[in-house]
file protein.cif (mmCIF, C-alpha atoms and all ligand atoms)
data_run
loop_
_atom_site.label_atom_id
_atom_site.label_comp_id
_atom_site.auth_asym_id
_atom_site.auth_seq_id
_atom_site.Cartn_x
_atom_site.Cartn_y
_atom_site.Cartn_z
CA MET A 1 -49.60 63.06 -23.92
CA LEU A 2 -50.64 65.66 -21.34
CA CYS A 3 -54.44 65.55 -21.22
CA LEU A 4 -56.69 67.87 -19.22
CA GLY A 5 -59.95 66.36 -17.92
CA LEU A 6 -63.01 68.38 -16.86
CA GLU A 7 -65.85 66.81 -14.86
CA SER A 8 -68.99 68.81 -14.11
CA SER A 9 -71.87 66.43 -14.75
CA CYS A 10 -73.43 66.52 -11.29
CA ASP A 11 -72.30 68.14 -8.04
CA GLU A 12 -68.51 67.84 -8.20
CA THR A 13 -66.30 70.20 -10.20
CA GLY A 14 -63.23 68.08 -10.96
CA LEU A 15 -60.21 69.00 -13.07
CA ALA A 16 -57.12 66.88 -13.60
CA LEU A 17 -54.04 66.41 -15.73
CA VAL A 18 -53.06 62.90 -16.81
CA ALA A 19 -49.98 61.92 -18.79
CA ASP A 20 -49.19 58.34 -19.88
CA GLY A 21 -52.09 57.06 -17.78
CA LYS A 22 -50.85 58.69 -14.56
CA ALA A 23 -52.43 61.60 -12.70
CA ILE A 24 -50.03 64.55 -12.65
CA ALA A 25 -52.30 66.86 -10.61
CA SER A 26 -55.97 67.13 -9.74
CA VAL A 27 -58.42 69.45 -8.01
CA LEU A 28 -61.95 68.69 -6.86
CA ALA A 29 -64.61 70.99 -5.41
CA SER A 30 -67.59 69.27 -3.87
CA GLN A 31 -70.93 71.04 -3.64
CA VAL A 32 -72.22 68.68 -0.95
CA PRO A 33 -72.89 71.44 1.63
CA VAL A 34 -74.93 73.41 -0.96
CA HIS A 35 -77.23 70.48 -1.77
CA ALA A 36 -77.34 68.75 1.64
CA LEU A 37 -79.98 71.26 2.75
CA PHE A 38 -82.32 69.84 0.09
CA ASP A 39 -81.46 66.10 0.58
CA GLY A 40 -80.40 65.92 -3.10
CA VAL A 41 -78.80 67.86 -5.94
CA VAL A 42 -80.63 71.03 -7.07
CA PRO A 43 -79.71 71.34 -10.79
CA GLU A 44 -79.90 75.14 -10.98
CA LEU A 45 -77.63 75.58 -7.96
CA ALA A 46 -75.22 72.95 -9.32
CA SER A 47 -74.66 74.71 -12.64
CA ARG A 48 -74.17 78.07 -10.92
CA GLU A 49 -71.56 76.56 -8.62
CA HIS A 50 -69.69 74.94 -11.54
CA SER A 51 -69.70 78.27 -13.36
CA ARG A 52 -68.35 80.08 -10.28
CA LEU A 53 -65.62 77.51 -9.58
CA ILE A 54 -64.32 76.20 -12.90
CA GLY A 55 -62.06 79.16 -13.76
CA PRO A 56 -60.35 79.44 -10.35
CA LEU A 57 -59.97 75.64 -10.22
CA PHE A 58 -58.25 75.65 -13.61
CA ASP A 59 -55.75 78.27 -12.34
CA LEU A 60 -55.21 76.22 -9.19
CA LEU A 61 -54.58 73.07 -11.25
CA MET A 62 -51.98 74.85 -13.40
CA ALA A 63 -50.25 76.17 -10.27
CA LYS A 64 -50.30 72.72 -8.61
CA ALA A 65 -48.84 71.04 -11.69
CA GLY A 66 -46.39 73.90 -12.30
CA ILE A 67 -47.28 74.11 -16.00
CA ALA A 68 -48.57 76.73 -18.42
CA PRO A 69 -51.88 76.12 -20.27
CA ARG A 70 -50.07 75.91 -23.63
CA GLU A 71 -48.34 72.69 -22.44
CA ILE A 72 -51.74 70.91 -22.41
CA GLU A 73 -51.94 68.61 -25.46
CA ALA A 74 -55.58 67.45 -25.38
CA ILE A 75 -58.75 68.59 -23.60
CA ALA A 76 -61.32 66.04 -22.42
CA VAL A 77 -64.69 66.92 -20.94
CA ALA A 78 -67.56 64.85 -19.49
CA ARG A 79 -70.29 65.28 -22.13
CA GLY A 80 -73.04 63.23 -20.45
CA PRO A 81 -75.11 61.67 -19.11
CA GLY A 82 -75.68 64.22 -16.36
CA LEU A 83 -77.43 67.47 -15.49
CA LEU A 84 -77.57 69.49 -18.70
CA GLY A 85 -76.87 72.91 -17.19
CA SER A 86 -73.88 71.51 -15.32
CA LEU A 87 -72.52 69.64 -18.36
CA LEU A 88 -72.77 72.82 -20.45
CA VAL A 89 -70.49 74.70 -18.06
CA GLY A 90 -67.72 72.10 -18.51
CA ALA A 91 -68.29 71.85 -22.27
CA ALA A 92 -68.19 75.65 -22.79
CA PHE A 93 -64.95 75.92 -20.80
CA ALA A 94 -63.40 72.98 -22.70
CA LYS A 95 -64.41 74.39 -26.09
CA GLY A 96 -62.99 77.79 -25.23
CA LEU A 97 -59.68 76.25 -24.20
CA ALA A 98 -59.55 73.96 -27.25
CA LEU A 99 -60.12 76.99 -29.47
CA ILE A 100 -57.56 79.25 -27.81
CA LEU A 101 -54.88 76.56 -27.45
CA GLN A 102 -55.73 74.87 -30.78
CA ARG A 103 -55.79 71.44 -29.18
CA PRO A 104 -58.04 68.40 -29.79
CA LEU A 105 -61.35 68.30 -27.89
CA ILE A 106 -62.67 64.94 -26.65
CA GLY A 107 -66.17 64.54 -25.24
CA VAL A 108 -66.12 61.63 -22.80
CA ASN A 109 -69.12 59.54 -21.76
CA HIS A 110 -69.19 59.95 -17.97
CA LEU A 111 -70.15 56.30 -17.38
CA HIS A 112 -67.40 55.00 -19.66
CA ALA A 113 -64.91 57.20 -17.80
CA HIS A 114 -66.03 55.63 -14.50
CA LEU A 115 -65.49 52.14 -15.96
CA LEU A 116 -62.11 52.88 -17.55
CA SER A 117 -60.90 54.52 -14.33
CA ALA A 118 -60.95 51.05 -12.77
CA CYS A 119 -57.72 50.43 -14.74
CA ILE A 120 -55.75 53.47 -13.57
CA GLY A 121 -52.27 52.28 -12.65
CA LYS A 122 -52.91 48.80 -14.08
CA THR A 123 -52.75 47.18 -17.51
CA PRO A 124 -56.32 47.06 -18.87
CA VAL A 125 -57.71 43.84 -20.38
CA PHE A 126 -60.32 43.58 -23.16
CA PRO A 127 -62.91 42.27 -23.63
CA ALA A 128 -64.07 42.90 -20.10
CA LEU A 129 -67.33 43.02 -18.23
CA GLY A 130 -68.11 46.29 -16.45
CA LEU A 131 -70.47 47.24 -13.65
CA VAL A 132 -70.99 50.95 -13.10
CA ILE A 133 -72.84 51.81 -9.90
CA SER A 134 -73.42 55.44 -9.00
CA GLY A 135 -75.97 57.84 -7.61
CA GLY A 136 -77.74 58.13 -10.95
CA HIS A 137 -76.89 54.93 -12.83
CA THR A 138 -76.57 51.17 -12.42
CA GLU A 139 -75.42 49.47 -15.62
CA ILE A 140 -73.72 46.28 -16.77
CA CYS A 141 -71.60 46.74 -19.89
CA LEU A 142 -69.42 44.72 -22.21
CA LEU A 143 -66.17 46.53 -22.99
CA GLU A 144 -64.71 45.20 -26.22
CA SER A 145 -62.19 48.03 -26.28
CA PRO A 146 -61.94 51.43 -24.52
CA TRP A 147 -64.25 52.90 -27.19
CA GLN A 148 -66.53 49.93 -27.94
CA ILE A 149 -68.74 49.67 -24.88
CA THR A 150 -72.18 48.06 -25.10
CA ARG A 151 -74.80 48.28 -22.38
CA LEU A 152 -76.15 44.84 -21.44
CA GLY A 153 -78.39 45.82 -18.54
CA ARG A 154 -79.54 48.86 -16.56
CA THR A 155 -81.78 49.81 -13.69
CA LEU A 156 -85.44 50.13 -14.57
CA ASP A 157 -86.02 52.62 -11.74
CA ASP A 158 -83.67 53.72 -8.96
CA ALA A 159 -79.89 53.52 -9.09
CA ALA A 160 -78.03 51.67 -6.33
CA GLY A 161 -76.68 54.95 -4.93
CA GLU A 162 -80.19 56.41 -4.77
CA VAL A 163 -81.23 53.56 -2.45
CA PHE A 164 -78.34 54.30 -0.07
CA ASP A 165 -79.04 58.04 -0.20
CA LYS A 166 -82.78 57.83 0.44
CA VAL A 167 -82.63 55.17 3.16
CA GLY A 168 -79.66 56.95 4.75
CA CYS A 169 -81.53 60.29 4.80
CA ARG A 170 -84.52 58.56 6.41
CA LEU A 171 -82.14 57.23 9.08
CA GLY A 172 -80.93 60.77 9.75
CA PHE A 173 -77.71 60.91 7.72
CA SER A 174 -77.08 63.94 5.53
CA TYR A 175 -76.91 63.73 1.71
CA PRO A 176 -75.11 61.89 0.11
CA ALA A 177 -75.67 59.18 2.68
CA GLY A 178 -74.02 56.12 1.06
CA LYS A 179 -70.70 56.40 2.87
CA LYS A 180 -72.41 56.99 6.22
CA VAL A 181 -74.69 53.96 5.73
CA ASP A 182 -71.60 51.88 4.96
CA GLU A 183 -69.79 53.15 8.08
CA CYS A 184 -72.87 52.50 10.23
CA ALA A 185 -73.16 48.96 8.80
CA ALA A 186 -69.55 48.29 9.82
CA MET A 187 -70.57 48.72 13.48
CA HIS A 188 -73.01 45.79 13.25
CA ALA A 189 -71.61 42.35 13.97
CA GLY A 190 -74.12 40.22 12.01
CA ALA A 191 -75.69 40.21 8.56
CA GLY A 192 -78.32 42.78 9.58
CA VAL A 193 -82.03 42.81 8.85
CA SER A 194 -83.29 40.62 6.05
CA LEU A 195 -84.44 42.68 3.05
CA PRO A 196 -85.96 41.60 -0.29
CA LEU A 197 -83.64 40.96 -3.23
CA PRO A 198 -85.79 42.48 -5.95
CA TYR A 199 -85.97 41.57 -9.62
CA ILE A 200 -83.65 38.57 -9.60
CA HIS A 201 -86.16 35.87 -10.62
CA ASN A 202 -85.99 36.56 -14.36
CA ASP A 203 -83.40 35.89 -17.01
CA ASN A 204 -82.27 39.43 -17.78
CA LEU A 205 -79.41 41.69 -16.70
CA ASP A 206 -81.55 44.65 -15.61
CA PHE A 207 -82.03 45.89 -12.07
CA SER A 208 -84.95 47.27 -10.09
CA PHE A 209 -84.12 48.81 -6.74
CA SER A 210 -87.28 50.76 -5.92
CA GLY A 211 -88.88 47.88 -3.96
CA LEU A 212 -85.75 47.45 -1.86
CA LYS A 213 -85.66 51.20 -1.21
CA THR A 214 -89.29 51.22 -0.06
CA ALA A 215 -88.82 48.13 2.14
CA ALA A 216 -85.77 49.64 3.85
CA VAL A 217 -87.36 53.10 4.23
CA GLN A 218 -90.37 51.47 5.94
CA LEU A 219 -88.06 49.86 8.52
CA ALA A 220 -86.31 53.17 9.14
CA LEU A 221 -89.05 54.45 11.45
CA ASP A 222 -88.70 57.55 13.59
CA GLY A 223 -87.01 56.71 16.86
CA VAL A 224 -85.03 53.64 15.71
CA THR A 225 -82.32 52.77 18.22
CA ALA A 226 -78.62 52.91 17.31
CA ASN A 227 -78.57 49.08 17.17
CA GLU A 228 -81.59 48.95 14.88
CA ARG A 229 -80.05 51.59 12.63
CA GLN A 230 -76.86 49.56 12.34
CA ALA A 231 -78.84 46.40 11.54
CA ILE A 232 -80.79 48.21 8.78
CA CYS A 233 -77.57 49.59 7.26
CA ALA A 234 -75.88 46.16 7.35
CA GLY A 235 -78.97 44.56 5.80
CA LEU A 236 -79.04 47.20 3.06
CA ASN A 237 -75.34 46.76 2.29
CA ASN A 238 -75.88 43.01 1.97
CA ALA A 239 -79.03 43.23 -0.14
CA VAL A 240 -77.57 45.72 -2.64
CA ALA A 241 -74.28 43.83 -2.89
CA GLU A 242 -76.13 40.53 -3.36
CA VAL A 243 -78.39 41.81 -6.15
CA LEU A 244 -75.39 43.35 -7.92
CA ALA A 245 -73.44 40.10 -7.56
CA ILE A 246 -76.31 37.94 -8.86
CA LYS A 247 -76.78 40.00 -12.04
CA THR A 248 -73.06 40.54 -12.62
CA GLY A 249 -72.43 36.80 -12.13
CA ARG A 250 -75.16 36.09 -14.69
CA ALA A 251 -73.53 38.49 -17.16
CA LEU A 252 -70.14 36.84 -16.64
CA ALA A 253 -71.66 33.40 -17.28
CA ARG A 254 -73.14 34.73 -20.55
CA HIS A 255 -69.89 36.36 -21.63
CA PRO A 256 -67.12 33.81 -21.14
CA GLU A 257 -64.97 35.89 -23.48
CA ALA A 258 -64.56 38.51 -20.71
CA ARG A 259 -60.98 38.56 -19.44
CA GLY A 260 -61.62 40.83 -16.48
CA LEU A 261 -64.30 42.44 -14.32
CA TYR A 262 -64.40 46.25 -13.93
CA VAL A 263 -66.46 47.75 -11.09
CA ALA A 264 -66.63 51.54 -10.71
CA GLY A 265 -68.79 54.52 -9.68
CA GLY A 266 -69.54 56.01 -6.26
CA VAL A 267 -71.13 52.80 -4.89
CA ALA A 268 -67.97 50.85 -5.81
CA ALA A 269 -66.59 52.44 -2.63
CA ASN A 270 -69.03 50.34 -0.59
CA SER A 271 -67.19 47.82 1.59
CA ARG A 272 -69.70 44.98 1.12
CA VAL A 273 -69.94 45.56 -2.65
CA ARG A 274 -66.13 45.48 -2.92
CA ALA A 275 -65.91 42.25 -0.91
CA ARG A 276 -68.70 40.58 -2.90
CA MET A 277 -67.12 41.60 -6.24
CA GLU A 278 -63.76 40.16 -5.08
CA GLU A 279 -65.52 36.83 -4.39
CA LEU A 280 -67.31 36.91 -7.74
CA ALA A 281 -64.17 37.65 -9.77
CA CYS A 282 -62.35 34.91 -7.86
CA GLN A 283 -65.14 32.38 -8.59
CA HIS A 284 -64.85 33.18 -12.28
CA GLY A 285 -61.04 33.15 -12.20
CA LEU A 286 -60.90 36.74 -13.44
CA PRO A 287 -58.87 39.76 -12.38
CA LEU A 288 -60.96 42.43 -10.65
CA PHE A 289 -60.38 46.08 -11.55
CA MET A 290 -61.73 48.71 -9.17
CA PRO A 291 -60.61 52.33 -8.75
CA PRO A 292 -58.99 53.32 -5.46
CA LEU A 293 -61.61 54.65 -3.01
CA LYS A 294 -60.83 58.32 -3.75
CA LEU A 295 -61.50 57.79 -7.48
CA CYS A 296 -64.81 55.88 -7.13
CA GLY A 297 -66.91 59.06 -7.01
CA ASP A 298 -66.98 61.74 -9.68
CA ASN A 299 -63.57 63.28 -10.37
CA GLY A 300 -61.53 64.93 -13.12
CA VAL A 301 -58.86 62.20 -13.21
CA MET A 302 -61.21 59.63 -14.76
CA ILE A 303 -62.15 62.07 -17.55
CA ALA A 304 -58.51 62.95 -18.26
CA TYR A 305 -57.53 59.25 -18.13
CA ALA A 306 -60.22 58.20 -20.64
CA GLY A 307 -59.58 61.33 -22.73
CA GLU A 308 -55.90 60.53 -23.08
CA ILE A 309 -56.68 56.97 -24.25
CA PHE A 310 -59.10 58.31 -26.88
CA ALA A 311 -56.83 61.18 -27.98
CA LYS A 312 -53.85 58.84 -28.37
CA ALA A 313 -56.00 56.61 -30.60
CA GLY A 314 -56.79 59.69 -32.72
CA PHE A 315 -60.39 60.21 -31.61
CA GLY A 316 -61.90 63.62 -31.03
CA HIS A 317 -64.90 65.90 -31.41
CA GLY A 318 -65.52 69.21 -33.18
CA LEU A 319 -66.58 72.37 -31.41
CA ASP A 320 -70.17 71.28 -32.08
CA LEU A 321 -69.85 68.58 -29.38
CA ALA A 322 -73.30 68.13 -27.81
CA SER A 323 -73.81 67.67 -24.06
CA ILE A 324 -76.30 64.90 -23.32
CA PRO A 325 -78.67 65.00 -20.33
CA ARG A 326 -79.46 61.93 -18.24
CA GLY A 327 -82.09 59.70 -19.84
CA ARG A 328 -80.97 60.26 -23.42
CA PRO A 329 -78.48 57.89 -25.08
CA VAL A 330 -74.97 59.32 -25.42
CA PRO A 331 -74.05 58.99 -29.10
CA ALA A 332 -70.85 57.19 -30.10
CA ASP A 333 -69.86 60.11 -32.33
CA MET A 334 -66.11 60.42 -31.71
CA GLN A 335 -64.33 60.92 -35.01
CA ARG A 336 -60.91 59.87 -36.22
CA PRO A 337 -59.71 62.52 -38.71
O1 LIG A 401 -70.34 58.25 -9.06
P1 LIG A 401 -70.88 59.20 -8.08
O2 LIG A 401 -69.91 60.07 -7.30
O3 LIG A 401 -71.89 60.21 -8.73
C1 LIG A 401 -72.77 59.87 -9.75
O4 LIG A 401 -72.31 59.81 -10.93
O5 LIG A 401 -73.94 59.63 -9.39
O6 LIG A 401 -71.76 58.36 -7.04
C2 LIG A 401 -72.35 58.94 -5.92
C3 LIG A 401 -73.13 57.88 -5.17
C4 LIG A 401 -74.01 58.49 -4.06
O7 LIG A 401 -75.29 57.93 -4.17
C5 LIG A 401 -73.31 58.05 -2.79
O8 LIG A 401 -74.17 57.94 -1.68
C6 LIG A 401 -72.75 56.72 -3.22
O9 LIG A 401 -72.25 56.95 -4.51
N1 LIG A 401 -71.69 56.22 -2.31
C7 LIG A 401 -71.78 55.08 -1.60
C8 LIG A 401 -70.56 54.95 -0.87
N2 LIG A 401 -69.78 56.03 -1.17
C9 LIG A 401 -70.48 56.79 -2.07
N3 LIG A 401 -72.77 54.17 -1.52
C10 LIG A 401 -72.58 53.12 -0.70
N4 LIG A 401 -71.45 52.93 0.04
C11 LIG A 401 -70.42 53.82 -0.01
N5 LIG A 401 -69.31 53.61 0.71
ZN ZN A 402 -70.54 59.53 -11.71
#

call {"tool": "encode", "arguments": {"input": "protein.cif", "output": "structure tokens", "more": "lines below"}}
Ligand code: KG4
Ligand code: ZN
result
Amino acid sequence: MLCLGLESSCDETGLALVADGKAIASVLASQVPVHALFDGVVPELASREHSRLIGPLFDLLMAKAGIAPREIEAIAVARGPGLLGSLLVGAAFAKGLALILQRPLIGVNHLHAHLLSACIGKTPVFPALGLVISGGHTEICLLESPWQITRLGRTLDDAAGEVFDKVGCRLGFSYPAGKKVDECAAMHAGAGVSLPLPYIHNDNLDFSFSGLKTAAVQLALDGVTANERQAICAGLNNAVAEVLAIKTGRALARHPEARGLYVAGGVAANSRVRARMEELACQHGLPLFMPPLKLCGDNGVMIAYAGEIFAKAGFGHGLDLASIPRGRPVPADMQRP
């Protein structure tokens, strides 16, 4: 089934075509230069950029794939969580297409799409345990099936990506700073500075990263030397990876029915996080599913991939599909006719 996926929940406009679980073509426009000036995403500017780019990107995608719009069989769109104005641009475009082409519309939970994208090119296993780590979210989930996903834990304050972005900006890297922190850490030979591992001495699966962010920002004083900067980045990589591994390991111990570990989202591109998750999956004798580096961040392929799975199973939404802003639960309201 040829499924179109539209991603516009934050600062990337991503469109892709997936058929039988494989990406046929994709386009991605990043707004990083627009927001870098402000050290973070400006919602109003983000939605304007999506609105400006989505039409031309759709034409480009059709040209790249060498297909006509009427060949599209299902239309999937990220329906939240995200920035409401940005989500609405994708949803309006998807609804218009679904109406004109008379094709099913599928609203995809952005976080579920991240998790499912860990299986692209592989045979998924269920039940599985999932860790989604991005700029806005840090969640542990139990995936009983592609459409039965239960949140087991979440961050109480900052997301893992937010820690990298804020500490990185303080160290002089431009937004989003996660990749640059990771690259800087790679230049340090040792384990780096020792940082607190917050919120691990409890028995829950939630995270709290704000204390770690503050501790690392305080070390990132003006005038740090290149060596000190590398040691801070290495220490941050280790601390974040360790906290994620402790809580994910705890979740795996509590859910022995899990047959695999999925790790996805922008921070799943982090070298130390990837290495630590490999160790963890190995300790538990489980296969590890992670997207390739280029699919860890926001993209249209993950929406099209999840959308095709749902559409094939007969799920869809009406034209009244609601976009859900960050902070509000995304309803499980997909219908099977
Ligand atoms: O999933 P994503 O593209 O967007 C959201 O849904 O938030 O994640 C973006 C986040 C940013 O905070 C970015 O700095 C972080 O992922 N990131 C990384 C790395 N690459 C991207 N963080 C740490 N190490 C990386 N290599
Ligand atoms: Zn994301």

call {"tool": "closest_atom_pairs", "arguments": {"input": "protein.cif", "of": "chain A", "to": "ligand LIG 401 (chain A)", "cutoff": "9 Å", "atoms": "only C-alpha atoms and all ligand atoms", "output": "CSV"}}
result
residue,atom,partner,partner_atom,distance
A:Ser9,CA,A:LIG401,O4,7.7
A:Cys10,CA,A:LIG401,O4,6.8
A:Asp11,CA,A:LIG401,O3,8.0
A:Glu12,CA,A:LIG401,O2,7.9
A:Pro81,CA,A:LIG401,O4,8.8
A:Gly82,CA,A:LIG401,O4,7.8
A:His110,CA,A:LIG401,O4,7.7
A:Leu111,CA,A:LIG401,O4,7.7
A:His114,CA,A:LIG401,O1,7.4
A:Val132,CA,A:LIG401,O1,8.4
A:Ile133,CA,A:LIG401,O1,7.0
A:Ser134,CA,A:LIG401,O6,3.9
A:Gly135,CA,A:LIG401,O5,3.2
A:Gly136,CA,A:LIG401,O5,4.4
A:His137,CA,A:LIG401,O5,6.5
A:Ala159,CA,A:LIG401,O7,8.1
A:Ala160,CA,A:LIG401,O7,7.2
A:Gly161,CA,A:LIG401,O7,3.4
A:Glu162,CA,A:LIG401,O7,5.2
A:Val163,CA,A:LIG401,O7,7.6
A:Phe164,CA,A:LIG401,N3,5.8
A:Asp165,CA,A:LIG401,O8,5.1
A:Lys166,CA,A:LIG401,O7,8.8
A:Gly168,CA,A:LIG401,O8,8.5
A:Tyr175,CA,A:LIG401,O8,7.2
A:Pro176,CA,A:LIG401,O8,4.4
A:Ala177,CA,A:LIG401,O8,4.8
A:Gly178,CA,A:LIG401,O8,3.3
A:Lys179,CA,A:LIG401,N5,3.8
A:Lys180,CA,A:LIG401,N5,7.2
A:Val181,CA,A:LIG401,N4,6.6
A:Asp182,CA,A:LIG401,N4,5.0
A:Glu183,CA,A:LIG401,N5,7.4
A:Asn237,CA,A:LIG401,C10,7.6
A:Ala264,CA,A:LIG401,O1,7.8
A:Gly265,CA,A:LIG401,O1,4.1
A:Gly266,CA,A:LIG401,O6,3.3
A:Val267,CA,A:LIG401,N3,4.0
A:Ala268,CA,A:LIG401,C8,6.9
A:Ala269,CA,A:LIG401,N5,4.5
A:Asn270,CA,A:LIG401,N5,3.5
A:Ser271,CA,A:LIG401,N5,6.2
A:Arg272,CA,A:LIG401,N4,8.2
A:Val273,CA,A:LIG401,N4,8.0
A:Leu293,CA,A:LIG401,N2,8.5
A:Leu295,CA,A:LIG401,O2,8.7
A:Cys296,CA,A:LIG401,O1,6.3
A:Gly297,CA,A:LIG401,O2,3.2
A:Asp298,CA,A:LIG401,O2,4.1
A:Asn299,CA,A:LIG401,O2,7.7

call {"tool": "residues_around", "arguments": {"input": "protein.cif", "residues": "region 211-220 of chain A", "least_positions_apart": "4", "cutoff": "7 Å", "atoms": "only C-alpha atoms", "output": "ChimeraX atom specification"}}
result
/A:163,167,170-171,195-198,224

call {"tool": "residues_around", "arguments": {"input": "protein.cif", "residues": "region 90-93 of chain A", "least_positions_apart": "6", "cutoff": "12 Å", "atoms": "all atoms listed in the file", "output": "MDAnalysis selection string"}}
result
chainID A and resid 4:10 12:15 46:58 75:80 82:84 99:100 105:108 300 303 317:324

call {"tool": "closest_residue", "arguments": {"input": "protein.cif", "among": "A:Ala113, A:Ala63, A:Val243, A:Ala281", "to": "ligand ZN 402 (chain A)", "atoms": "all atoms listed in the file"}}
result
A:Ala113

call {"tool": "atom_distance", "arguments": {"input": "protein.cif", "atom1": "CA of Pro256 (chain A)", "atom2": "CA of Tyr199 (chain A)"}}
result
23.4 Å

call {"tool": "closest_residue", "arguments": {"input": "protein.cif", "among": "A:Ser117, A:Ser208, A:Gln102, A:Ser26", "to": "ligand ZN 402 (chain A)", "atoms": "all atoms listed in the file"}}
result
A:Ser117

call {"tool": "atom_distance", "arguments": {"input": "protein.cif", "atom1": "CA of Ala29 (chain A)", "atom2": "CA of Pro329 (chain A)"}}
result
27.4 Å

call {"tool": "closest_residue", "arguments": {"input": "protein.cif", "among": "A:Glu44, A:Glu257, A:Glu139, A:Glu279", "to": "ligand ZN 402 (chain A)", "atoms": "only C-alpha atoms and all ligand atoms"}}
result
A:Glu139

call {"tool": "residues_near_point", "arguments": {"input": "protein.cif", "point": "(-65.1, 41.4, -12.6)", "cutoff": "6 Å", "atoms": "all atoms listed in the file", "output": "compact mmCIF listing (two decimals) with C-alpha atoms, in the coordinates of the input"}}
result
# COMPACT_ATOMS: atom_id res chain seq x y z
CA GLY A 260 -61.62 40.83 -16.48
CA LEU A 261 -64.30 42.44 -14.32
CA TYR A 262 -64.40 46.25 -13.93
CA ALA A 281 -64.17 37.65 -9.77
CA LEU A 288 -60.96 42.43 -10.65

call {"tool": "atom_distance", "arguments": {"input": "protein.cif", "atom1": "CA of Met334 (chain A)", "atom2": "CA of Ala306 (chain A)"}}
result
12.7 Å

call {"tool": "closest_residue", "arguments": {"input": "protein.cif", "among": "A:Met302, A:Leu28, A:Cys184, A:Leu97", "to": "ligand ZN 402 (chain A)", "atoms": "only C-alpha atoms and all ligand atoms"}}
result
A:Met302

call {"tool": "residues_around", "arguments": {"input": "protein.cif", "residues": "Ala245 (chain A)", "least_positions_apart": "5", "cutoff": "7 Å", "atoms": "only C-alpha atoms", "output": "VMD selection string"}}
result
chain A and resid 276 to 277 280

call {"tool": "closest_residue", "arguments": {"input": "protein.cif", "among": "A:Ala253, A:Ala239, A:Ala304, A:Ala234", "to": "Asp20 (chain A)", "atoms": "all atoms listed in the file"}}
result
A:Ala304

call {"tool": "closest_residue", "arguments": {"input": "protein.cif", "among": "A:Val32, A:Ala313, A:Cys169, A:Leu115", "to": "ligand ZN 402 (chain A)", "atoms": "all atoms listed in the file"}}
result
A:Leu115

call {"tool": "residues_near_point", "arguments": {"input": "protein.cif", "point": "(-69.6, 44.4, -21.7)", "cutoff": "6 Å", "atoms": "all atoms listed in the file", "output": "list in words"}}
result
Ala128, Leu129, Gly130, Cys141, Leu142, Leu143 and Thr150 of chain A

call {"tool": "residues_around", "arguments": {"input": "protein.cif", "residues": "region 21-24 of chain A", "least_positions_apart": "5", "cutoff": "8 Å", "atoms": "only C-alpha atoms", "output": "PyMOL selection string"}}
result
chain A and resi 16+65+120-121+301+305+308-309
